[in-house]
file entry.txt (compact mmCIF, C-alpha atoms and all ligand atoms)
# COMPACT_ATOMS: atom_id res chain seq x y z
CA MET Q 1 146.43 270.35 175.75
CA THR Q 2 149.98 270.75 174.47
CA LEU Q 3 152.06 268.12 172.74
CA GLN Q 4 154.13 267.85 175.92
CA ASP Q 5 150.96 267.14 177.96
CA LEU Q 6 150.12 264.39 175.53
CA VAL Q 7 153.58 262.84 175.72
CA ASP Q 8 153.33 262.83 179.52
CA LEU Q 9 149.89 261.24 179.28
CA LYS Q 10 151.28 258.54 177.02
CA THR Q 11 154.18 257.76 179.36
CA ALA Q 12 151.84 257.54 182.36
CA ALA Q 13 149.31 255.32 180.57
CA LEU Q 14 151.91 252.81 179.38
CA GLU Q 15 153.55 252.71 182.79
CA LYS Q 16 150.20 252.05 184.48
CA ALA Q 17 149.43 249.19 182.11
CA LYS Q 18 152.90 247.73 182.52
CA THR Q 19 152.58 247.56 186.31
CA ALA Q 20 148.92 246.49 186.50
CA ALA Q 21 148.65 243.86 189.21
CA ASN Q 22 145.86 241.74 187.77
CA ALA Q 23 143.26 241.41 185.05
CA GLU Q 24 140.78 243.69 186.82
CA ALA Q 25 143.30 246.55 187.11
CA LEU Q 26 144.16 246.09 183.45
CA GLU Q 27 140.51 246.29 182.46
CA ALA Q 28 140.11 249.51 184.47
CA ILE Q 29 143.04 251.05 182.55
CA ARG Q 30 141.51 249.98 179.26
CA ILE Q 31 138.24 251.67 180.18
CA GLU Q 32 140.00 254.78 181.45
CA TYR Q 33 141.90 255.37 178.21
CA LEU Q 34 140.47 253.42 175.33
CA ALA Q 35 136.72 253.10 175.94
CA ARG Q 36 134.30 255.28 173.99
CA LYS Q 37 134.03 257.76 176.85
CA GLY Q 38 137.68 257.35 177.85
CA LEU Q 39 140.59 259.80 177.72
CA LEU Q 40 141.81 259.07 174.20
CA PRO Q 41 138.61 260.00 172.32
CA LYS Q 42 138.56 263.16 174.40
CA VAL Q 43 142.14 264.01 173.44
CA MET Q 44 141.26 263.47 169.78
CA GLN Q 45 138.54 266.08 170.09
CA GLU Q 46 141.15 268.58 171.30
CA LEU Q 47 143.19 268.13 168.15
CA LYS Q 48 141.48 271.09 166.49
CA ASP Q 49 142.62 273.42 169.31
CA VAL Q 50 146.28 272.37 169.10
CA ALA Q 51 148.72 274.86 167.56
CA PRO Q 52 148.84 274.14 163.81
CA GLU Q 53 152.58 273.39 163.75
CA GLU Q 54 152.18 270.81 166.53
CA ARG Q 55 149.10 269.19 165.01
CA PRO Q 56 150.75 266.47 162.83
CA MET Q 57 153.01 265.37 165.66
CA PHE Q 58 150.07 265.48 168.08
CA GLY Q 59 147.96 263.23 165.82
CA LYS Q 60 150.82 260.81 165.39
CA THR Q 61 151.41 260.59 169.14
CA VAL Q 62 147.73 259.93 169.85
CA ASN Q 63 147.81 257.05 167.36
CA GLU Q 64 150.98 255.64 168.89
CA LEU Q 65 149.45 255.81 172.35
CA LYS Q 66 146.34 254.02 171.17
CA ASN Q 67 148.23 251.22 169.38
CA GLU Q 68 150.93 250.66 171.99
CA LEU Q 69 148.47 250.67 174.88
CA THR Q 70 146.11 248.27 173.08
CA GLU Q 71 148.99 245.86 172.34
CA LEU Q 72 150.33 246.02 175.86
CA ILE Q 73 146.93 245.36 177.43
CA LYS Q 74 146.37 242.42 175.09
CA SER Q 75 149.63 240.73 175.92
CA LYS Q 76 149.28 241.32 179.66
CA GLN Q 77 145.75 239.90 179.54
CA ALA Q 78 147.08 236.74 177.89
CA GLU Q 79 149.75 236.50 180.55
CA PHE Q 80 147.22 236.78 183.37
CA SER Q 81 144.84 234.21 181.93
CA ALA Q 82 147.70 231.74 181.42
CA GLY Q 83 148.57 231.88 185.09
CA GLY Q 84 151.29 234.27 184.22
CA ALA Q 85 154.86 235.18 185.01
CA THR Q 86 153.52 237.63 187.58
CA GLY Q 87 153.36 234.89 190.19
CA ALA Q 88 150.96 235.33 193.06
CA ALA Q 89 149.29 238.30 191.41
CA GLY Q 90 147.93 236.29 188.48
CA PHE Q 91 148.06 232.78 189.80
CA ASP Q 92 146.76 231.51 193.10
CA LEU Q 93 149.56 229.29 194.36
CA THR Q 94 147.37 227.99 197.20
CA GLN Q 95 144.74 226.54 194.86
CA PRO Q 96 144.51 222.73 194.99
CA GLY Q 97 145.95 220.98 191.92
CA GLN Q 98 143.79 219.42 189.25
CA TRP Q 99 143.83 215.60 189.23
CA GLN Q 100 144.56 214.45 185.70
CA GLY Q 101 143.67 210.82 186.36
CA LEU Q 102 145.95 207.79 186.30
CA GLY Q 103 146.25 205.74 183.12
CA THR Q 104 146.09 201.97 182.86
CA ARG Q 105 148.18 199.62 180.81
CA HIS Q 106 146.63 198.79 177.45
CA PRO Q 107 144.73 195.46 177.43
CA ILE Q 108 147.11 194.06 174.80
CA THR Q 109 150.07 194.94 177.00
CA GLN Q 110 148.37 193.36 180.01
CA ILE Q 111 147.72 190.07 178.22
CA THR Q 112 151.17 190.06 176.62
CA ASP Q 113 152.67 190.40 180.10
CA ARG Q 114 150.47 187.60 181.45
CA ILE Q 115 151.45 185.24 178.64
CA THR Q 116 155.10 186.18 179.05
CA LYS Q 117 155.06 185.52 182.80
CA ILE Q 118 153.53 182.06 182.33
CA PHE Q 119 156.28 180.99 179.96
CA GLN Q 120 158.96 182.61 182.09
CA THR Q 121 157.98 180.30 184.95
CA LEU Q 122 158.84 177.43 182.58
CA GLY Q 123 162.27 178.86 181.87
CA PHE Q 124 161.55 180.63 178.58
CA THR Q 125 163.27 183.96 178.03
CA VAL Q 126 162.02 186.81 175.86
CA ALA Q 127 163.67 187.39 172.48
CA ASP Q 128 163.04 190.37 170.27
CA GLY Q 129 163.04 190.97 166.53
CA PRO Q 130 162.43 193.92 164.21
CA ASP Q 131 159.10 194.71 162.52
CA ILE Q 132 160.89 195.08 159.17
CA GLU Q 133 162.24 191.75 158.03
CA THR Q 134 164.03 190.18 155.12
CA VAL Q 135 162.13 187.82 152.87
CA TRP Q 136 164.64 185.15 153.85
CA ASN Q 137 163.92 185.41 157.59
CA ASN Q 138 160.18 185.77 157.16
CA PHE Q 139 159.62 183.06 154.51
CA ASP Q 140 162.63 181.23 153.01
CA ALA Q 141 164.35 180.09 156.19
CA LEU Q 142 160.96 179.03 157.52
CA ASN Q 143 160.61 176.53 154.68
CA THR Q 144 157.86 178.50 153.00
CA PRO Q 145 157.56 177.41 149.34
CA ALA Q 146 158.08 180.04 146.63
CA ASP Q 147 154.45 179.85 145.59
CA HIS Q 148 152.94 180.00 149.07
CA PRO Q 149 149.96 182.41 149.01
CA SER Q 150 151.11 184.32 152.11
CA ARG Q 151 154.01 185.65 150.01
CA ASP Q 152 151.58 187.47 147.69
CA GLU Q 153 151.60 191.24 147.65
CA GLN Q 154 147.91 190.96 148.41
CA ASP Q 155 148.78 189.51 151.80
CA THR Q 156 152.13 190.94 152.81
CA PHE Q 157 153.41 194.54 152.84
CA TYR Q 158 156.64 194.79 150.82
CA LEU Q 159 159.03 197.72 151.01
CA ASN Q 160 160.73 199.24 147.97
CA ASN Q 161 164.08 197.72 148.93
CA GLY Q 162 162.63 194.20 148.84
CA ASP Q 163 162.24 193.79 152.61
CA LEU Q 164 158.80 193.39 154.16
CA MET Q 165 156.74 194.10 157.26
CA ARG Q 166 156.85 190.76 159.05
CA CYS Q 167 153.53 188.92 158.73
CA HIS Q 168 154.20 186.78 161.82
CA THR Q 169 156.65 186.62 164.73
CA SER Q 170 158.16 183.36 163.42
CA PRO Q 171 161.24 185.06 161.86
CA VAL Q 172 162.46 185.68 165.42
CA GLN Q 173 163.01 181.89 165.59
CA VAL Q 174 165.37 182.20 162.65
CA ARG Q 175 167.22 185.21 164.04
CA TYR Q 176 167.61 183.60 167.44
CA MET Q 177 168.85 180.24 166.20
CA MET Q 178 171.30 181.95 163.83
CA GLY Q 179 172.80 183.72 166.85
CA HIS Q 180 172.62 181.00 169.54
CA LYS Q 181 173.54 177.36 169.89
CA PRO Q 182 170.97 174.89 171.26
CA PRO Q 183 169.37 174.45 173.73
CA VAL Q 184 166.90 177.25 172.98
CA ARG Q 185 163.89 178.21 175.01
CA ILE Q 186 162.37 181.54 173.93
CA ILE Q 187 159.14 183.34 173.44
CA SER Q 188 158.85 186.47 171.35
CA PRO Q 189 155.90 188.81 171.56
CA GLY Q 190 155.56 191.58 168.99
CA ARG Q 191 153.77 193.38 166.21
CA CYS Q 192 152.86 191.82 162.88
CA TYR Q 193 151.45 193.21 159.65
CA ARG Q 194 149.13 191.80 157.01
CA ARG Q 195 147.16 193.34 154.19
CA ASP Q 196 143.80 192.67 155.80
CA THR Q 197 140.73 194.84 155.40
CA PRO Q 198 139.76 195.92 158.90
CA ASP Q 199 136.61 194.39 160.35
CA ALA Q 200 135.51 193.11 163.76
CA THR Q 201 138.18 190.39 163.79
CA HIS Q 202 140.85 191.67 161.35
CA SER Q 203 143.40 194.42 161.56
CA ALA Q 204 146.36 195.14 159.27
CA ASN Q 205 148.47 195.53 162.38
CA PHE Q 206 148.19 193.00 165.20
CA HIS Q 207 150.30 191.13 167.77
CA GLN Q 208 151.56 187.59 168.18
CA VAL Q 209 153.62 185.61 170.64
CA GLU Q 210 156.03 183.13 169.14
CA GLY Q 211 157.49 180.22 171.10
CA LEU Q 212 160.49 178.00 170.36
CA PHE Q 213 162.02 175.13 172.30
CA VAL Q 214 165.01 173.24 170.87
CA ASP Q 215 167.09 170.59 172.62
CA GLU Q 216 167.94 166.90 172.40
CA ASN Q 217 164.93 164.60 172.49
CA VAL Q 218 162.20 167.23 172.52
CA SER Q 219 158.94 165.54 171.56
CA LEU Q 220 155.36 166.34 170.70
CA ALA Q 221 154.49 165.24 174.24
CA ASP Q 222 156.66 168.10 175.56
CA LEU Q 223 154.73 170.49 173.36
CA LYS Q 224 151.42 169.16 174.65
CA GLY Q 225 152.55 169.33 178.28
CA THR Q 226 153.84 172.87 177.86
CA LEU Q 227 150.68 174.12 176.18
CA SER Q 228 148.40 172.32 178.69
CA TYR Q 229 150.19 174.11 181.49
CA PHE Q 230 149.94 177.40 179.62
CA ALA Q 231 146.20 176.91 179.03
CA ARG Q 232 145.49 176.20 182.69
CA GLU Q 233 147.52 179.15 183.88
CA LEU Q 234 145.81 181.45 181.40
CA MET Q 235 142.19 180.28 181.58
CA GLY Q 236 141.88 178.38 184.88
CA PRO Q 237 142.42 174.82 186.15
CA ASP Q 238 139.48 173.23 184.30
CA VAL Q 239 140.46 174.13 180.76
CA LYS Q 240 141.45 171.29 178.44
CA ILE Q 241 143.29 171.44 175.15
CA ARG Q 242 143.19 169.35 171.99
CA PHE Q 243 145.51 169.07 168.99
CA ARG Q 244 144.00 169.06 165.48
CA PRO Q 245 146.20 168.09 162.53
CA HIS Q 246 147.06 171.12 160.38
CA PHE Q 247 149.75 172.37 158.03
CA PHE Q 248 152.44 175.00 158.54
CA PRO Q 249 155.54 175.10 156.32
CA PHE Q 250 157.91 175.46 159.28
CA THR Q 251 156.66 172.56 161.39
CA GLU Q 252 156.17 168.85 160.75
CA PRO Q 253 153.86 167.56 162.06
CA SER Q 254 151.79 170.71 162.57
CA VAL Q 255 148.73 171.17 164.73
CA GLU Q 256 146.12 173.71 165.57
CA VAL Q 257 145.45 173.89 169.27
CA ASP Q 258 141.95 174.38 170.68
CA PHE Q 259 141.00 175.25 174.26
CA THR Q 260 137.67 174.19 175.76
CA CYS Q 261 135.21 177.05 175.28
CA HIS Q 262 135.60 179.75 177.97
CA VAL Q 263 131.85 180.45 177.87
CA CYS Q 264 130.27 176.97 178.15
CA GLY Q 265 133.26 175.04 179.47
CA GLY Q 266 133.01 172.55 176.61
CA LYS Q 267 129.30 171.74 176.62
CA GLY Q 268 128.64 173.62 173.40
CA CYS Q 269 127.15 177.09 172.95
CA ARG Q 270 126.72 179.91 170.47
CA VAL Q 271 130.25 181.24 170.98
CA CYS Q 272 131.96 177.91 170.12
CA LYS Q 273 129.36 177.09 167.47
CA ASN Q 274 128.29 174.13 169.60
CA SER Q 275 131.65 172.41 169.25
CA GLY Q 276 132.79 173.06 172.83
CA TRP Q 277 136.22 174.17 171.50
CA ILE Q 278 137.85 177.47 170.59
CA GLU Q 279 140.89 177.64 168.29
CA ILE Q 280 143.71 179.47 170.03
CA LEU Q 281 147.08 178.80 168.40
CA GLY Q 282 149.22 177.04 165.84
CA ALA Q 283 152.12 174.77 166.74
CA GLY Q 284 154.22 171.80 165.70
CA MET Q 285 157.61 170.15 165.66
CA VAL Q 286 160.26 172.31 163.99
CA ASP Q 287 160.76 171.14 160.40
CA PRO Q 288 164.28 169.78 159.72
CA ASN Q 289 164.53 172.19 156.78
CA VAL Q 290 164.31 175.10 159.22
CA PHE Q 291 167.14 173.61 161.29
CA GLN Q 292 169.18 173.23 158.15
CA ALA Q 293 168.57 176.85 157.14
CA VAL Q 294 169.87 178.16 160.46
CA GLY Q 295 172.77 175.71 160.69
CA TYR Q 296 171.44 173.34 163.36
CA ASP Q 297 172.06 169.59 163.04
CA SER Q 298 168.63 167.99 162.87
CA SER Q 299 170.10 164.57 163.59
CA LYS Q 300 171.09 165.88 167.03
CA VAL Q 301 168.28 168.24 168.05
CA THR Q 302 164.54 168.40 167.79
CA GLY Q 303 162.19 171.14 168.86
CA PHE Q 304 158.70 172.50 169.00
CA ALA Q 305 157.36 175.91 168.04
CA PHE Q 306 154.08 177.70 168.44
CA GLY Q 307 152.49 181.02 167.60
CA MET Q 308 149.37 182.72 168.87
CA GLY Q 309 147.46 185.94 168.25
CA ILE Q 310 147.40 188.22 171.27
CA GLU Q 311 144.33 190.19 170.15
CA ARG Q 312 142.26 187.04 169.90
CA ILE Q 313 143.19 185.92 173.42
CA THR Q 314 142.64 189.44 174.78
CA MET Q 315 139.19 189.58 173.20
CA ILE Q 316 138.25 186.17 174.63
CA LEU Q 317 139.50 186.95 178.13
CA TYR Q 318 137.89 190.40 178.32
CA GLY Q 319 134.75 189.70 176.27
CA ILE Q 320 135.66 192.28 173.60
CA HIS Q 321 133.69 191.80 170.39
CA ASP Q 322 135.41 194.17 167.98
CA ILE Q 323 139.19 194.20 167.49
CA ARG Q 324 139.03 197.85 166.39
CA ASN Q 325 138.17 198.87 169.95
CA LEU Q 326 141.73 197.94 170.84
CA TYR Q 327 143.26 200.54 168.51
CA GLU Q 328 140.97 203.55 168.85
CA ASN Q 329 142.54 204.76 172.10
CA ASP Q 330 139.18 205.77 173.51
CA VAL Q 331 139.83 206.27 177.21
CA ARG Q 332 136.22 205.35 178.06
CA PHE Q 333 136.94 201.91 176.60
CA LEU Q 334 140.51 201.45 177.81
CA SER Q 335 139.86 202.50 181.41
CA GLN Q 336 137.57 199.47 181.88
CA PHE Q 337 140.49 197.05 181.92
N1 LIG Q 401 153.30 181.82 162.17
C1 LIG Q 401 151.99 181.22 162.25
C2 LIG Q 401 150.94 182.21 161.81
O1 LIG Q 401 151.22 183.38 161.78
C3 LIG Q 401 151.70 180.76 163.64
C4 LIG Q 401 152.54 179.59 164.02
C5 LIG Q 401 152.11 178.33 163.77
C6 LIG Q 401 153.78 179.77 164.58
C7 LIG Q 401 152.85 177.22 164.08
C8 LIG Q 401 154.57 178.66 164.91
C9 LIG Q 401 154.09 177.38 164.64
O2 LIG Q 401 155.77 178.78 165.43
O3 LIG Q 401 154.84 176.30 164.96
O4 LIG Q 401 149.85 181.83 161.52

call {"tool": "encode", "arguments": {"input": "entry.txt", "output": "structure tokens", "more": "lines below"}}
Ligand code: DAH
result
Amino acid sequence: MTLQDLVDLKTAALEKAKTAANAEALEAIRIEYLARKGLLPKVMQELKDVAPEERPMFGKTVNELKNELTELIKSKQAEFSAGGATGAAGFDLTQPGQWQGLGTRHPITQITDRITKIFQTLGFTVADGPDIETVWNNFDALNTPADHPSRDEQDTFYLNNGDLMRCHTSPVQVRYMMGHKPPVRIISPGRCYRRDTPDATHSANFHQVEGLFVDENVSLADLKGTLSYFARELMGPDVKIRFRPHFFPFTEPSVEVDFTCHVCGGKGCRVCKNSGWIEILGAGMVDPNVFQAVGYDSSKVTGFAFGMGIERITMILYGIHDIRNLYENDVRFLSQF
């Protein structure tokens, strides 16, 4: 074999590989040239018979052929197995598609939407606020005393610039009232952050819905009527609510609101620790100090506010026992709802 024969062989081999129609053809070319009994090993054996002055060039060309052909086959193989730019040759366009499955809305989103709709039927609109808040919006304007434990670094995430990750949705009340004159009728769902150690009922990141109603002559009876309606719409017509005295800095008087137990209907069972009641939210009449902070005249308007945890309600409604299930994004879990 002369050097010219070899060069021709090289040209032909590369051309064949370049135009191979599919993976099988490519494999046949590989075997023809590169396999142990293929053409290239045979050519190498002929090296000793090549004219001495052609020998170095001959050796070099054999090596080039081997490397270039190997590379070309590799890249074409990848192309074919990826479905390939070669269209019908590498990819069967008539094959039925693969169904990837349809997602569902996350349970927290579903319950947030349900809660939102209920209050929208009462004329509440949705207001939004940022996750990063000022200390003033999150605590001061909400009449939270300087030594209140929730201000501790152990409880609230502070940023280097002195702002914080809001620990409740209540600062949206402040933002909204600063920007709007009464009457006010808003709810505000959103994310909150607290320095909690995760367990079955705690997560450092969770969701709340805030509510605020401000107008002339708003009373505690309005609050009770509103929340009774909400409870029935959410849990069914038989649910009852009760107010228990409580303390929140931003409301006076303040209450915690219980619903009759969703499991026993109020008779008493393991879930409600035999009380017949389940605590669902906090509420109260807006403290005059909050009105003063946002520039409202508390001799003219009164209002009620409330706040509830969305995870807790989601877990009750769907019978979920561990809050962490809601954040793991395990499709086997999420697709049940
Ligand atoms: N911000 C309270 C919390 O995170 C919940 C709350 C209670 C909100 C009473 C209110 C309210 O607006 O009136 O625990």

call {"tool": "closest_residue", "arguments": {"input": "entry.txt", "among": "Q:Phe337, Q:Phe259, Q:Phe291, Q:Tyr33", "to": "Q:Met235", "atoms": "all atoms listed in the file"}}
result
Q:Phe259

call {"tool": "closest_residue", "arguments": {"input": "entry.txt", "among": "Q:Gln292, Q:Thr197, Q:Asn325, Q:Thr61", "to": "Q:Gln154", "atoms": "all atoms listed in the file"}}
result
Q:Thr197

call {"tool": "residues_near_ligand", "arguments": {"input": "entry.txt", "ligand": "ligand LIG 401 (chain Q)", "cutoff": "8 Å", "atoms": "all atoms listed in the file", "output": "ChimeraX atom specification"}}
result
/Q:167-170,173,208,210-212,248,250-251,254-256,281-286,304-309

call {"tool": "closest_residue", "arguments": {"input": "entry.txt", "among": "Q:Leu6, Q:Val218, Q:Ala51, Q:Val209", "to": "Q:Ile111", "atoms": "only C-alpha atoms"}}
result
Q:Val209

call {"tool": "residues_around", "arguments": {"input": "entry.txt", "residues": "Q:Arg324", "least_positions_apart": "2", "cutoff": "8 Å", "atoms": "all atoms listed in the file", "output": "ChimeraX atom specification"}}
result
/Q:198-201,203,322,326-328

call {"tool": "residues_around", "arguments": {"input": "entry.txt", "residues": "Q:Val174", "least_positions_apart": "6", "cutoff": "8 Å", "atoms": "all atoms listed in the file", "output": "list in words"}}
result
Asn137, Ala141, Leu142, Val290 and Val294 of chain Q

call {"tool": "atom_distance", "arguments": {"input": "entry.txt", "atom1": "atom CA of Q:Phe333", "atom2": "atom CA of Q:Ile320"}}
result
10.2 Å

call {"tool": "residues_around", "arguments": {"input": "entry.txt", "residues": "stretch 297-302 of chain Q", "least_positions_apart": "5", "cutoff": "6 Å", "atoms": "all atoms listed in the file", "output": "list in words"}}
result
Val214, Asp215, Glu216, Val218 and Pro288 of chain Q

call {"tool": "atom_distance", "arguments": {"input": "entry.txt", "atom1": "atom CA of Q:Asn143", "atom2": "atom CA of Q:Cys192"}}
result
19.0 Å

call {"tool": "closest_residue", "arguments": {"input": "entry.txt", "among": "Q:Leu227, Q:Leu102, Q:Leu69, Q:Asn63", "to": "Q:Ala12", "atoms": "all atoms listed in the file"}}
result
Q:Leu69

call {"tool": "decode", "arguments": {"input": "entry.txt", "residues": "stretch 267-299 of chain Q", "atoms": "C-alpha atoms", "output": "mmCIF file, in the first residue's frame"}}
result
data_model
loop_
_atom_site.group_PDB
_atom_site.id
_atom_site.type_symbol
_atom_site.label_atom_id
_atom_site.label_comp_id
_atom_site.auth_asym_id
_atom_site.auth_seq_id
_atom_site.Cartn_x
_atom_site.Cartn_y
_atom_site.Cartn_z
ATOM 1 C CA LYS Q 267 -68.254 16.098 71.419
ATOM 2 C CA GLY Q 268 -64.637 15.724 72.475
ATOM 3 C CA CYS Q 269 -62.000 13.365 71.099
ATOM 4 C CA ARG Q 270 -58.277 12.700 70.975
ATOM 5 C CA VAL Q 271 -57.632 15.354 68.319
ATOM 6 C CA CYS Q 272 -59.210 18.211 70.341
ATOM 7 C CA LYS Q 273 -57.907 16.797 73.628
ATOM 8 C CA ASN Q 274 -61.517 16.227 74.683
ATOM 9 C CA SER Q 275 -62.329 19.934 74.642
ATOM 10 C CA GLY Q 276 -64.471 19.824 71.490
ATOM 11 C CA TRP Q 277 -62.628 22.934 70.182
ATOM 12 C CA ILE Q 278 -59.661 23.587 67.903
ATOM 13 C CA GLU Q 279 -57.762 26.890 67.978
ATOM 14 C CA ILE Q 280 -57.699 28.416 64.512
ATOM 15 C CA LEU Q 281 -56.854 32.125 64.590
ATOM 16 C CA GLY Q 282 -56.101 35.306 66.467
ATOM 17 C CA ALA Q 283 -58.216 38.442 66.189
ATOM 18 C CA GLY Q 284 -59.406 41.585 67.928
ATOM 19 C CA MET Q 285 -60.390 45.214 67.640
ATOM 20 C CA VAL Q 286 -57.608 47.357 66.172
ATOM 21 C CA ASP Q 287 -55.762 49.127 68.999
ATOM 22 C CA PRO Q 288 -56.074 52.949 68.855
ATOM 23 C CA ASN Q 289 -52.272 53.157 69.023
ATOM 24 C CA VAL Q 290 -52.089 51.380 65.659
ATOM 25 C CA PHE Q 291 -54.524 53.903 64.168
ATOM 26 C CA GLN Q 292 -52.424 56.698 65.551
ATOM 27 C CA ALA Q 293 -49.234 55.240 64.056
ATOM 28 C CA VAL Q 294 -50.741 55.128 60.566
ATOM 29 C CA GLY Q 295 -52.477 58.504 60.835
ATOM 30 C CA TYR Q 296 -56.093 57.363 61.265
ATOM 31 C CA ASP Q 297 -58.390 59.223 63.676
ATOM 32 C CA SER Q 298 -59.462 56.661 66.258
ATOM 33 C CA SER Q 299 -62.267 58.926 67.443
#
